[in-house]
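**Q** Structure file work_10.cif, mmCIF, C-alpha atoms and all ligand atoms, is pasted below:
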```
data_work
loop_
_atom_site.label_atom_id
_atom_site.label_comp_id
_atom_site.auth_asym_id
_atom_site.auth_seq_id
_atom_site.Cartn_x
_atom_site.Cartn_y
_atom_site.Cartn_z
CA MET A 11 97.28 -144.55 216.86
CA ASN A 12 96.07 -148.00 215.80
CA VAL A 13 94.80 -149.63 219.01
CA SER A 14 95.98 -153.23 219.40
CA GLN A 15 95.91 -153.66 223.18
CA VAL A 16 92.86 -152.79 225.27
CA ALA A 17 92.05 -153.18 228.97
CA VAL A 18 88.41 -153.51 229.99
CA ILE A 19 87.56 -152.85 233.62
CA GLY A 20 84.54 -154.95 234.58
CA ALA A 21 83.66 -158.47 233.44
CA GLY A 22 79.89 -158.08 233.83
CA THR A 23 77.30 -157.92 231.04
CA MET A 24 78.77 -154.84 229.36
CA GLY A 25 82.43 -155.53 230.14
CA ASN A 26 82.48 -159.06 228.76
CA GLY A 27 80.50 -157.97 225.68
CA ILE A 28 83.03 -155.21 224.99
CA ALA A 29 85.94 -157.63 225.54
CA GLN A 30 84.30 -160.08 223.11
CA ILE A 31 83.90 -157.65 220.22
CA CYS A 32 87.42 -156.25 220.71
CA ALA A 33 88.90 -159.77 220.59
CA GLN A 34 86.71 -160.61 217.57
CA SER A 35 88.37 -157.66 215.81
CA GLY A 36 91.87 -159.04 216.50
CA ILE A 37 92.61 -156.83 219.51
CA ASN A 38 94.27 -158.25 222.63
CA VAL A 39 92.23 -157.60 225.76
CA THR A 40 92.88 -157.70 229.49
CA MET A 41 89.54 -158.00 231.29
CA ILE A 42 89.78 -156.99 234.94
CA ASP A 43 87.35 -157.49 237.79
CA VAL A 44 87.47 -157.70 241.59
CA SER A 45 88.63 -161.31 241.67
CA GLU A 46 90.05 -163.90 239.25
CA ASP A 47 86.82 -165.84 239.75
CA VAL A 48 84.56 -162.98 238.66
CA ALA A 49 86.83 -162.21 235.69
CA ARG A 50 86.81 -165.90 234.68
CA ARG A 51 83.01 -165.99 234.90
CA GLY A 52 82.92 -163.08 232.44
CA LEU A 53 85.15 -165.08 230.10
CA GLU A 54 82.84 -168.10 230.42
CA THR A 55 79.82 -165.95 229.51
CA LEU A 56 81.43 -164.60 226.37
CA SER A 57 82.74 -168.05 225.52
CA GLY A 58 79.10 -169.25 225.60
CA SER A 59 78.11 -166.37 223.32
CA LEU A 60 80.87 -167.42 220.88
CA ASP A 61 79.70 -171.06 221.07
CA ARG A 62 76.32 -169.91 219.74
CA LEU A 63 78.10 -168.24 216.80
CA VAL A 64 80.00 -171.49 216.12
CA LYS A 65 76.74 -173.45 216.23
CA LYS A 66 75.20 -171.07 213.69
CA GLU A 67 78.37 -171.50 211.57
CA LYS A 68 79.09 -167.75 211.72
CA ILE A 69 82.59 -168.49 213.02
CA SER A 70 84.65 -171.71 213.15
CA ALA A 71 85.66 -173.53 216.35
CA GLN A 72 89.24 -172.42 215.61
CA ASP A 73 88.09 -168.76 215.33
CA LYS A 74 86.45 -169.12 218.73
CA ASP A 75 89.63 -170.49 220.31
CA ASP A 76 91.65 -167.66 218.75
CA ILE A 77 89.21 -165.02 220.05
CA VAL A 78 89.21 -166.47 223.58
CA SER A 79 93.02 -166.73 223.56
CA ARG A 80 93.22 -162.95 222.99
CA ILE A 81 91.42 -162.26 226.29
CA LYS A 82 93.26 -162.38 229.58
CA PRO A 83 91.01 -162.36 232.66
CA SER A 84 92.70 -160.78 235.65
CA ALA A 85 92.14 -159.34 239.11
CA SER A 86 95.23 -157.13 239.00
CA TYR A 87 95.17 -153.51 237.83
CA GLU A 88 98.91 -153.90 237.14
CA ASP A 89 97.85 -155.84 234.03
CA ILE A 90 96.54 -152.69 232.34
CA ARG A 91 100.15 -151.64 231.73
CA GLY A 92 100.81 -151.52 227.98
CA ALA A 93 97.17 -150.94 227.02
CA GLU A 94 96.63 -148.10 224.55
CA LEU A 95 92.97 -147.80 225.48
CA ILE A 96 91.32 -148.56 228.81
CA ILE A 97 87.54 -148.92 228.84
CA GLU A 98 85.94 -148.65 232.26
CA ALA A 99 82.73 -150.70 232.38
CA ALA A 100 82.14 -151.08 236.11
CA THR A 101 78.80 -150.83 237.94
CA GLU A 102 76.92 -147.56 237.38
CA LYS A 103 77.95 -145.91 240.67
CA GLU A 104 79.74 -142.57 240.55
CA ASP A 105 81.93 -143.12 243.65
CA LEU A 106 83.04 -146.52 242.42
CA LYS A 107 83.86 -145.23 238.94
CA LEU A 108 85.84 -142.28 240.34
CA LYS A 109 87.85 -144.65 242.53
CA ILE A 110 88.57 -147.08 239.69
CA LEU A 111 89.54 -144.29 237.27
CA LYS A 112 92.03 -142.89 239.79
CA GLN A 113 93.54 -146.35 240.17
CA ILE A 114 93.81 -146.78 236.38
CA ASP A 115 95.38 -143.35 235.95
CA GLU A 116 98.29 -144.20 238.22
CA LEU A 117 99.32 -147.13 236.00
CA LEU A 118 98.66 -145.62 232.62
CA ASP A 119 101.13 -145.40 229.70
CA ALA A 120 101.92 -141.81 228.64
CA ASN A 121 99.71 -141.69 225.52
CA ALA A 122 96.96 -144.06 226.59
CA VAL A 123 93.33 -142.97 226.39
CA ILE A 124 90.76 -143.72 229.08
CA ALA A 125 87.14 -144.28 228.08
CA THR A 126 84.14 -144.83 230.31
CA ASN A 127 81.07 -146.84 229.39
CA THR A 128 78.92 -144.91 231.86
CA SER A 129 75.21 -144.89 230.92
CA SER A 130 74.49 -141.48 232.34
CA ILE A 131 77.14 -139.90 234.59
CA SER A 132 78.85 -136.65 233.51
CA ILE A 133 82.03 -137.30 231.52
CA THR A 134 83.44 -133.95 232.72
CA LYS A 135 82.90 -135.01 236.34
CA LEU A 136 84.43 -138.48 235.88
CA ALA A 137 87.40 -136.84 234.10
CA THR A 138 88.35 -135.07 237.35
CA SER A 139 89.79 -138.36 238.62
CA VAL A 140 92.47 -138.55 235.91
CA ALA A 141 95.60 -136.40 235.53
CA ASP A 142 94.94 -135.47 231.89
CA PRO A 143 91.19 -134.94 231.24
CA GLY A 144 92.08 -134.31 227.59
CA ARG A 145 92.67 -138.03 227.15
CA PHE A 146 89.33 -138.99 228.69
CA VAL A 147 86.17 -139.74 226.68
CA GLY A 148 82.73 -141.33 227.07
CA MET A 149 82.27 -144.51 225.00
CA HIS A 150 78.75 -145.76 225.62
CA PHE A 151 77.89 -149.25 224.32
CA PHE A 152 74.43 -150.85 224.22
CA ASN A 153 73.21 -154.17 225.52
CA PRO A 154 73.69 -156.83 224.14
CA VAL A 155 77.03 -155.43 223.01
CA PRO A 156 77.75 -158.07 220.33
CA VAL A 157 74.42 -157.26 218.61
CA MET A 158 73.86 -153.52 219.05
CA LYS A 159 75.60 -151.43 216.38
CA LEU A 160 75.62 -148.07 218.15
CA VAL A 161 78.28 -146.49 220.35
CA GLU A 162 77.74 -142.97 221.69
CA LEU A 163 81.00 -140.97 221.90
CA ILE A 164 80.73 -138.24 224.50
CA ARG A 165 83.19 -135.41 224.85
CA GLY A 166 83.76 -133.96 228.30
CA LEU A 167 84.60 -130.28 228.58
CA GLN A 168 88.32 -131.02 228.14
CA THR A 169 88.33 -134.04 225.79
CA THR A 170 90.75 -133.22 222.95
CA ASP A 171 90.04 -133.62 219.23
CA GLU A 172 92.84 -136.16 219.10
CA THR A 173 91.21 -138.31 221.80
CA HIS A 174 87.82 -138.08 220.09
CA LYS A 175 89.37 -139.08 216.75
CA LEU A 176 91.14 -142.07 218.30
CA ALA A 177 87.91 -143.19 219.94
CA GLN A 178 86.02 -142.81 216.67
CA ALA A 179 88.60 -144.84 214.71
CA PHE A 180 88.57 -147.53 217.39
CA VAL A 181 84.76 -147.82 217.40
CA GLU A 182 84.76 -148.18 213.61
CA LYS A 183 87.56 -150.77 213.79
CA ILE A 184 85.45 -152.98 216.05
CA GLY A 185 82.54 -152.79 213.61
CA LYS A 186 80.30 -150.35 215.47
CA GLU A 187 78.76 -147.08 214.36
CA PRO A 188 79.65 -144.05 216.50
CA ILE A 189 77.56 -140.94 217.01
CA SER A 190 79.04 -137.85 218.69
CA VAL A 191 77.03 -136.52 221.59
CA LYS A 192 77.40 -133.61 224.00
CA ASN A 193 77.90 -134.24 227.70
CA SER A 194 74.49 -134.16 229.42
CA PRO A 195 72.81 -136.62 231.82
CA GLY A 196 72.11 -139.87 229.91
CA PHE A 197 73.47 -138.37 226.66
CA VAL A 198 70.94 -139.01 223.85
CA VAL A 199 69.70 -142.59 223.66
CA ASN A 200 69.18 -143.24 227.38
CA ARG A 201 67.64 -139.77 227.76
CA ILE A 202 64.84 -140.98 225.52
CA LEU A 203 64.80 -144.74 226.21
CA CYS A 204 65.03 -144.88 230.03
CA PRO A 205 62.07 -142.56 230.76
CA MET A 206 60.03 -144.81 228.43
CA MET A 207 60.94 -147.91 230.47
CA ASN A 208 60.30 -145.99 233.71
CA GLU A 209 56.87 -144.90 232.40
CA ALA A 210 56.05 -148.52 231.50
CA ILE A 211 56.79 -149.43 235.14
CA PHE A 212 54.41 -146.67 236.31
CA ALA A 213 51.73 -148.10 233.98
CA TYR A 214 52.36 -151.57 235.40
CA GLN A 215 52.31 -150.48 239.06
CA GLU A 216 49.07 -148.57 238.42
CA GLY A 217 47.57 -151.84 237.15
CA LEU A 218 46.78 -150.44 233.69
CA ALA A 219 47.65 -153.79 232.10
CA SER A 220 49.71 -156.91 232.77
CA ALA A 221 53.44 -156.92 232.04
CA GLU A 222 52.81 -159.11 228.98
CA GLU A 223 50.09 -156.80 227.68
CA ILE A 224 52.20 -153.65 228.16
CA ASP A 225 55.07 -155.28 226.28
CA THR A 226 52.80 -156.67 223.55
CA GLY A 227 51.27 -153.20 223.22
CA MET A 228 54.65 -151.55 222.63
CA LYS A 229 55.89 -154.34 220.34
CA LEU A 230 52.85 -154.44 218.11
CA GLY A 231 51.77 -150.83 218.53
CA SER A 232 55.13 -149.12 218.04
CA ASN A 233 57.36 -151.77 216.46
CA GLN A 234 59.77 -152.15 219.40
CA PRO A 235 61.83 -155.39 219.12
CA ILE A 236 60.99 -156.23 222.75
CA GLY A 237 58.62 -154.49 225.15
CA PRO A 238 59.86 -151.87 227.66
CA LEU A 239 59.50 -154.15 230.71
CA ALA A 240 61.44 -156.96 229.03
CA LEU A 241 64.01 -154.34 228.00
CA ALA A 242 64.27 -153.10 231.59
CA ASP A 243 64.99 -156.71 232.62
CA LEU A 244 67.66 -156.93 229.91
CA VAL A 245 69.34 -153.64 230.86
CA GLY A 246 69.18 -154.47 234.60
CA LEU A 247 66.74 -152.79 236.99
CA ASP A 248 69.62 -151.48 239.15
CA THR A 249 71.19 -149.82 236.11
CA LEU A 250 67.85 -148.32 235.06
CA LEU A 251 67.30 -146.99 238.59
CA SER A 252 70.79 -145.44 238.67
CA VAL A 253 70.18 -143.75 235.32
CA MET A 254 66.80 -142.34 236.43
CA GLU A 255 68.41 -141.05 239.64
CA VAL A 256 71.09 -139.26 237.61
CA PHE A 257 68.33 -137.63 235.49
CA TYR A 258 66.28 -136.68 238.54
CA ASP A 259 69.28 -135.12 240.31
CA GLY A 260 70.84 -133.66 237.16
CA PHE A 261 67.79 -131.96 235.63
CA LYS A 262 65.99 -131.21 238.94
CA ASP A 263 62.80 -132.08 237.11
CA PRO A 264 60.15 -134.32 238.73
CA LYS A 265 59.28 -135.84 235.35
CA TYR A 266 62.35 -138.04 235.80
CA ARG A 267 61.40 -139.49 239.22
CA PRO A 268 62.04 -143.24 239.33
CA ALA A 269 58.87 -145.35 239.57
CA PRO A 270 58.47 -146.49 243.23
CA LEU A 271 58.05 -150.10 242.05
CA LEU A 272 61.44 -149.91 240.29
CA GLN A 273 63.06 -148.90 243.59
CA GLU A 274 61.18 -151.64 245.45
CA MET A 275 62.22 -154.34 243.00
CA VAL A 276 65.87 -153.28 243.21
CA ASP A 277 65.60 -153.32 247.04
CA ALA A 278 64.26 -156.88 246.81
CA GLY A 279 67.20 -157.94 244.63
CA PHE A 280 64.99 -158.40 241.55
CA LEU A 281 67.42 -156.97 239.00
CA GLY A 282 66.07 -158.56 235.82
CA ARG A 283 67.75 -161.25 233.72
CA LYS A 284 71.06 -161.14 235.55
CA SER A 285 69.42 -162.04 238.91
CA GLY A 286 66.92 -164.48 237.37
CA ARG A 287 63.90 -162.35 238.23
CA GLY A 288 62.54 -158.97 237.19
CA PHE A 289 59.21 -158.28 235.53
CA TYR A 290 59.58 -161.82 234.18
CA ASP A 291 60.97 -165.00 235.68
CA TYR A 292 64.16 -166.31 234.07
CA GLY A 293 64.31 -169.55 236.03
N1 LIG B 1 74.89 -161.85 222.80
C1 LIG B 1 75.11 -162.13 221.51
N2 LIG B 1 74.13 -162.28 220.58
C2 LIG B 1 72.87 -162.18 221.02
C3 LIG B 1 72.55 -161.91 222.37
C4 LIG B 1 73.63 -161.74 223.26
N3 LIG B 1 73.43 -161.45 224.56
N4 LIG B 1 71.21 -161.87 222.49
C5 LIG B 1 70.70 -162.11 221.27
N5 LIG B 1 71.70 -162.29 220.37
C6 LIG B 1 71.57 -162.53 218.93
C7 LIG B 1 70.98 -163.89 218.68
O1 LIG B 1 71.99 -164.88 218.67
C8 LIG B 1 70.35 -163.70 217.30
O2 LIG B 1 71.34 -163.76 216.29
P1 LIG B 1 70.98 -164.24 214.77
O3 LIG B 1 69.98 -163.25 214.24
O4 LIG B 1 72.30 -164.19 214.07
O5 LIG B 1 70.44 -165.62 214.90
C9 LIG B 1 69.85 -162.26 217.35
O6 LIG B 1 70.62 -161.61 218.37
C10 LIG B 1 68.38 -162.21 217.67
O7 LIG B 1 68.18 -162.89 218.90
P2 LIG B 1 66.90 -163.76 219.29
O8 LIG B 1 66.26 -164.24 218.03
O9 LIG B 1 67.30 -164.75 220.32
O10 LIG B 1 65.96 -162.76 220.08
P3 LIG B 1 65.34 -161.38 219.59
O11 LIG B 1 64.84 -161.45 218.21
O12 LIG B 1 64.45 -160.92 220.69
O13 LIG B 1 66.59 -160.39 219.58
C11 LIG B 1 67.67 -158.66 220.71
C12 LIG B 1 67.33 -160.13 220.71
C13 LIG B 1 68.58 -158.33 219.54
C14 LIG B 1 68.39 -158.37 222.03
C15 LIG B 1 66.34 -157.85 220.58
O14 LIG B 1 65.45 -158.28 221.54
C16 LIG B 1 66.54 -156.37 220.74
O15 LIG B 1 66.97 -155.70 219.82
N6 LIG B 1 66.19 -155.85 221.90
C17 LIG B 1 66.35 -154.44 222.22
C18 LIG B 1 67.75 -154.21 222.68
C19 LIG B 1 67.99 -152.79 223.08
O16 LIG B 1 67.19 -151.89 222.87
N7 LIG B 1 69.13 -152.56 223.71
C20 LIG B 1 69.48 -151.26 224.24
C21 LIG B 1 69.24 -151.24 225.70
S1 LIG B 1 69.69 -149.70 226.42
C22 LIG B 1 71.30 -149.88 226.79
O17 LIG B 1 71.90 -150.91 226.64
C23 LIG B 1 71.98 -148.67 227.36
C24 LIG B 1 72.41 -148.89 228.77
O18 LIG B 1 73.26 -147.82 229.13
C25 LIG B 1 71.25 -148.89 229.73
#
```
Would you write the structure of this file as structure tokens?
Ligand code: 3HC
**A**
Amino acid sequence: MNVSQVAVIGAGTMGNGIAQICAQSGINVTMIDVSEDVARRGLETLSGSLDRLVKKEKISAQDKDDIVSRIKPSASYEDIRGAELIIEAATEKEDLKLKILKQIDELLDANAVIATNTSSISITKLATSVADPGRFVGMHFFNPVPVMKLVELIRGLQTTDETHKLAQAFVEKIGKEPISVKNSPGFVVNRILCPMMNEAIFAYQEGLASAEEIDTGMKLGSNQPIGPLALADLVGLDTLLSVMEVFYDGFKDPKYRPAPLLQEMVDAGFLGRKSGRGFYDYG
């Protein structure tokens, strides 16, 4: 199946990034969130991202208008009807995702595939909320979606070969590089990356060095593009905390305990770039 109509659930950082790259590849997208306002804000964010591409002369103003015209922001799940692929990119909360997936499943076309952009939750467990777990797959994008080439494709226990193949072809069509990964908490990349960010927060809370020095250390000492604290701010401290909690619960291993300061910052509403404050101030 050649996917030409996609629905993305969630217009936040990941959702609007996914909608953008789909539309840039000529695919029509319905981007759904809790209200028209929130969905429109997602469209404004990606429109700003496209403006930067116009400014750099990577696309023309006409290209931008065409891309934006392919995206329909909506607050109604009814609008997923007709989509061949639905990508769930809601907040990283298991209960919320299960609820949304159930809602999607009731409106789905017979052959449509459901993908989830979860960062860490079991694909097999999320698949229990849909009638046909064979047509369910993990499709994990990285932030910022328009820049990061990788997509992890995760098979749940019941994901069929056909579903996996469709997901693989779709990921390649939108210009990303897929890797196939087994279902396990955090899959591969977050399994390695998130404990590193969490450890950087421990180092910071223990006063080993300033945030700037920790980040400079990792940039200059191990060739990271940005330091782990700046990366935590980019990913979102709430998302990082959710991922660490999934590891801690899933592996029953204390090495994955979230840094207390991470919990405290999330409690304070310091979520990183998206809230204007994390380990750095974003004005
Ligand atoms: N949207 C679109 N393009 C963006 C962007 C965004 N949000 N942010 C940056 N870019 C583009 C810039 O326009 C620029 O493009 P150009 O090279 O064509 O001019 C390019 O990226 C470089 O940007 P900058 O020069 O402004 O800044 P940097 O050199 O610091 O690069 C970065 C930005 C590419 C984000 C770089 O800092 C980086 O690679 N950081 C690490 C990102 C990373 O590791 N992401 C994974 C996080 S884990 C995750 O997402 C999983 C989740 O489940 C938790």
**Q** Would you list the residues that come within 6 Å of ligand LIG 1 (chain B)? Count only C-alpha atoms and all ligand atoms and give the answer as number ranges by chain.
**A** A: 59, 129, 152-154, 156-157, 235-236, 245
**Q** Do you know which residues are at most 12 Å from stretch 289-292 of chain A counting all atoms listed in the file, after dropping those on the same chain fewer than 6 positions away, and could you put them as a PyMOL selection string?
**A** chain A and resi 207+210-211+214-215+220-222+224-225+237-244+246-247+271-272+275-276+280-283
**Q** What's the 10 Å shell around A:Ile77, counting only C-alpha atoms, without same-chain residues fewer than 2 positions away, as a list in words?
**A**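 With the cut-off at 10 Å, the set is Ala29, Gln30, Ile31, Cys32, Ala33, Gln34, Ser35, Gly36, Ile37, Asn38, Val39, Ser57, Leu60, Ala71, Gln72, Asp73, Lys74, Asp75, Ser79, Arg80 and Ile81 of chain A.
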**Q** Find the spatial neighbours of A:His150, counting only C-alpha atoms, within a cut-off of 6 Å - ignore same-chain residues fewer than 2 positions away - and output them as an NGL selection string.
**A** :A and (127 or 161-162)
**Q** I'd like the neighbourhood of A:Met158 as a list in words, where a residue qualifies if any of its atoms comes within 10 Å (using only C-alpha atoms), though same-chain residues fewer than 6 positions away should be ignored.
**A**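 Surrounding residues, per the criterion: Phe151, Phe152, Lys186 and Glu187 of chain A.
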**Q** Given the selection you just returned, output its residues as a file containing C-alpha atoms, formatted as a short mmCIF file (atom, residue, chain, number, x, y, z; two decimals), keeping the file's coordinate frame.
**A**
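Written out: out_0.cif:
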```cif
data_model
loop_
_atom_site.label_atom_id
_atom_site.label_comp_id
_atom_site.auth_asym_id
_atom_site.auth_seq_id
_atom_site.Cartn_x
_atom_site.Cartn_y
_atom_site.Cartn_z
CA PHE A 151 77.89 -149.25 224.32
CA PHE A 152 74.43 -150.85 224.22
CA LYS A 186 80.30 -150.35 215.47
CA GLU A 187 78.76 -147.08 214.36
#
```
**Q** Go through A:Val256, A:Ala141, A:Ala213, A:Val147 one by one, measure the shortest atom-to-atom distance of each to A:Ala269 using only C-alpha atoms, and give the residue with the smallest value.
**A**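 Looking only at the distances to A:Ala269, the closest residue turns out to be A:Ala213.
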**Q** Extract, using only C-alpha atoms, all DNA, RNA and protein residues at most 10 Å from A:Val13, discarding same-chain residues fewer than 6 positions from it, and format them as a ChimeraX atom specification.
**A** /A:37-38,93-95,122,176-177,179-180,183
**Q** Print the selection's residues with C-alpha atoms to a file, as a JSON list (two decimals), in the coordinates of the input.
**A**
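result27.json was written with the following content:
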```json
[["chain", "number", "residue", "atom", "x", "y", "z"],
["A", 37, "ILE", "CA", 92.61, -156.83, 219.51],
["A", 38, "ASN", "CA", 94.27, -158.25, 222.63],
["A", 93, "ALA", "CA", 97.17, -150.94, 227.02],
["A", 94, "GLU", "CA", 96.63, -148.10, 224.55],
["A", 95, "LEU", "CA", 92.97, -147.80, 225.48],
["A", 122, "ALA", "CA", 96.96, -144.06, 226.59],
["A", 176, "LEU", "CA", 91.14, -142.07, 218.30],
["A", 177, "ALA", "CA", 87.91, -143.19, 219.94],
["A", 179, "ALA", "CA", 88.60, -144.84, 214.71],
["A", 180, "PHE", "CA", 88.57, -147.53, 217.39],
["A", 183, "LYS", "CA", 87.56, -150.77, 213.79]]
```
**Q** Using Å and a single decimal, report how far atom CA of A:Ser190 sits from atom CA of A:Thr173.
**A**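 Separation between atom CA of A:Thr173 and atom CA of A:Ser190: 12.6 Å.
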**Q** With distances taken over all atoms listed in the file, which of A:Ser130, A:Thr55, A:Ser14, A:Thr40 is nearest to A:Val199?
**A**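 Selected residue with least distance to A:Val199: A:Ser130.
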**Q** Go ahead and find all residues with at least one atom no further than 9 Å from (65.5, -147.1, 239.1) in the file's coordinates, using only C-alpha atoms; report them as a PDB file with C-alpha atoms, keeping the file's coordinate frame.
**A**
```
ATOM      1  CA  ASN A 208      60.300-145.990 233.710  1.00  0.00           C
ATOM      2  CA  LEU A 247      66.740-152.790 236.990  1.00  0.00           C
ATOM      3  CA  ASP A 248      69.620-151.480 239.150  1.00  0.00           C
ATOM      4  CA  THR A 249      71.190-149.820 236.110  1.00  0.00           C
ATOM      5  CA  LEU A 250      67.850-148.320 235.060  1.00  0.00           C
ATOM      6  CA  LEU A 251      67.300-146.990 238.590  1.00  0.00           C
ATOM      7  CA  SER A 252      70.790-145.440 238.670  1.00  0.00           C
ATOM      8  CA  VAL A 253      70.180-143.750 235.320  1.00  0.00           C
ATOM      9  CA  MET A 254      66.800-142.340 236.430  1.00  0.00           C
ATOM     10  CA  GLU A 255      68.410-141.050 239.640  1.00  0.00           C
ATOM     11  CA  ARG A 267      61.400-139.490 239.220  1.00  0.00           C
ATOM     12  CA  PRO A 268      62.040-143.240 239.330  1.00  0.00           C
ATOM     13  CA  ALA A 269      58.870-145.350 239.570  1.00  0.00           C
ATOM     14  CA  PRO A 270      58.470-146.490 243.230  1.00  0.00           C
ATOM     15  CA  LEU A 271      58.050-150.100 242.050  1.00  0.00           C
ATOM     16  CA  LEU A 272      61.440-149.910 240.290  1.00  0.00           C
ATOM     17  CA  GLN A 273      63.060-148.900 243.590  1.00  0.00           C
ATOM     18  CA  GLU A 274      61.180-151.640 245.450  1.00  0.00           C
ATOM     19  CA  MET A 275      62.220-154.340 243.000  1.00  0.00           C
ATOM     20  CA  VAL A 276      65.870-153.280 243.210  1.00  0.00           C
TER      21      VAL A 276
END
```
**Q** Using atom CA of A:Met24 and atom CA of A:Asp171 as the two end points, give the distance in Å to one decimal.
**A**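 Distance reported for this atom pair: 26.1 Å.
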**Q** Stretch 150-158 of chain A, all listed atoms, 8 Å padding on each side: what axis-aligned box centre and edge lengths in Å to one decimal come out, as JSON?
**A**
```
{"center_x": 76.0, "center_y": -151.9, "center_z": 222.1, "size_x": 21.5, "size_y": 28.3, "size_z": 23.0}
```
**Q** So, counting all atoms listed in the file, which residue among A:Lys192, A:Lys284, A:Arg145, A:Lys265 is closest to A:His174?
**A**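 Result for the nearest residue to A:His174: A:Arg145.
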**Q** Smallest atom-to-atom distance to A:Glu116: which of A:Lys175, A:Lys66, A:Arg91, A:Lys262, using only C-alpha atoms?
**A**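 Under the stated criterion, the closest residue is A:Arg91.
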**Q** To one decimal place, how far is atom CA of A:Gly293 from atom CA of A:Glu223 in Å?
**A**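 Between atom CA of A:Gly293 and atom CA of A:Glu223 the gap is 20.8 Å.
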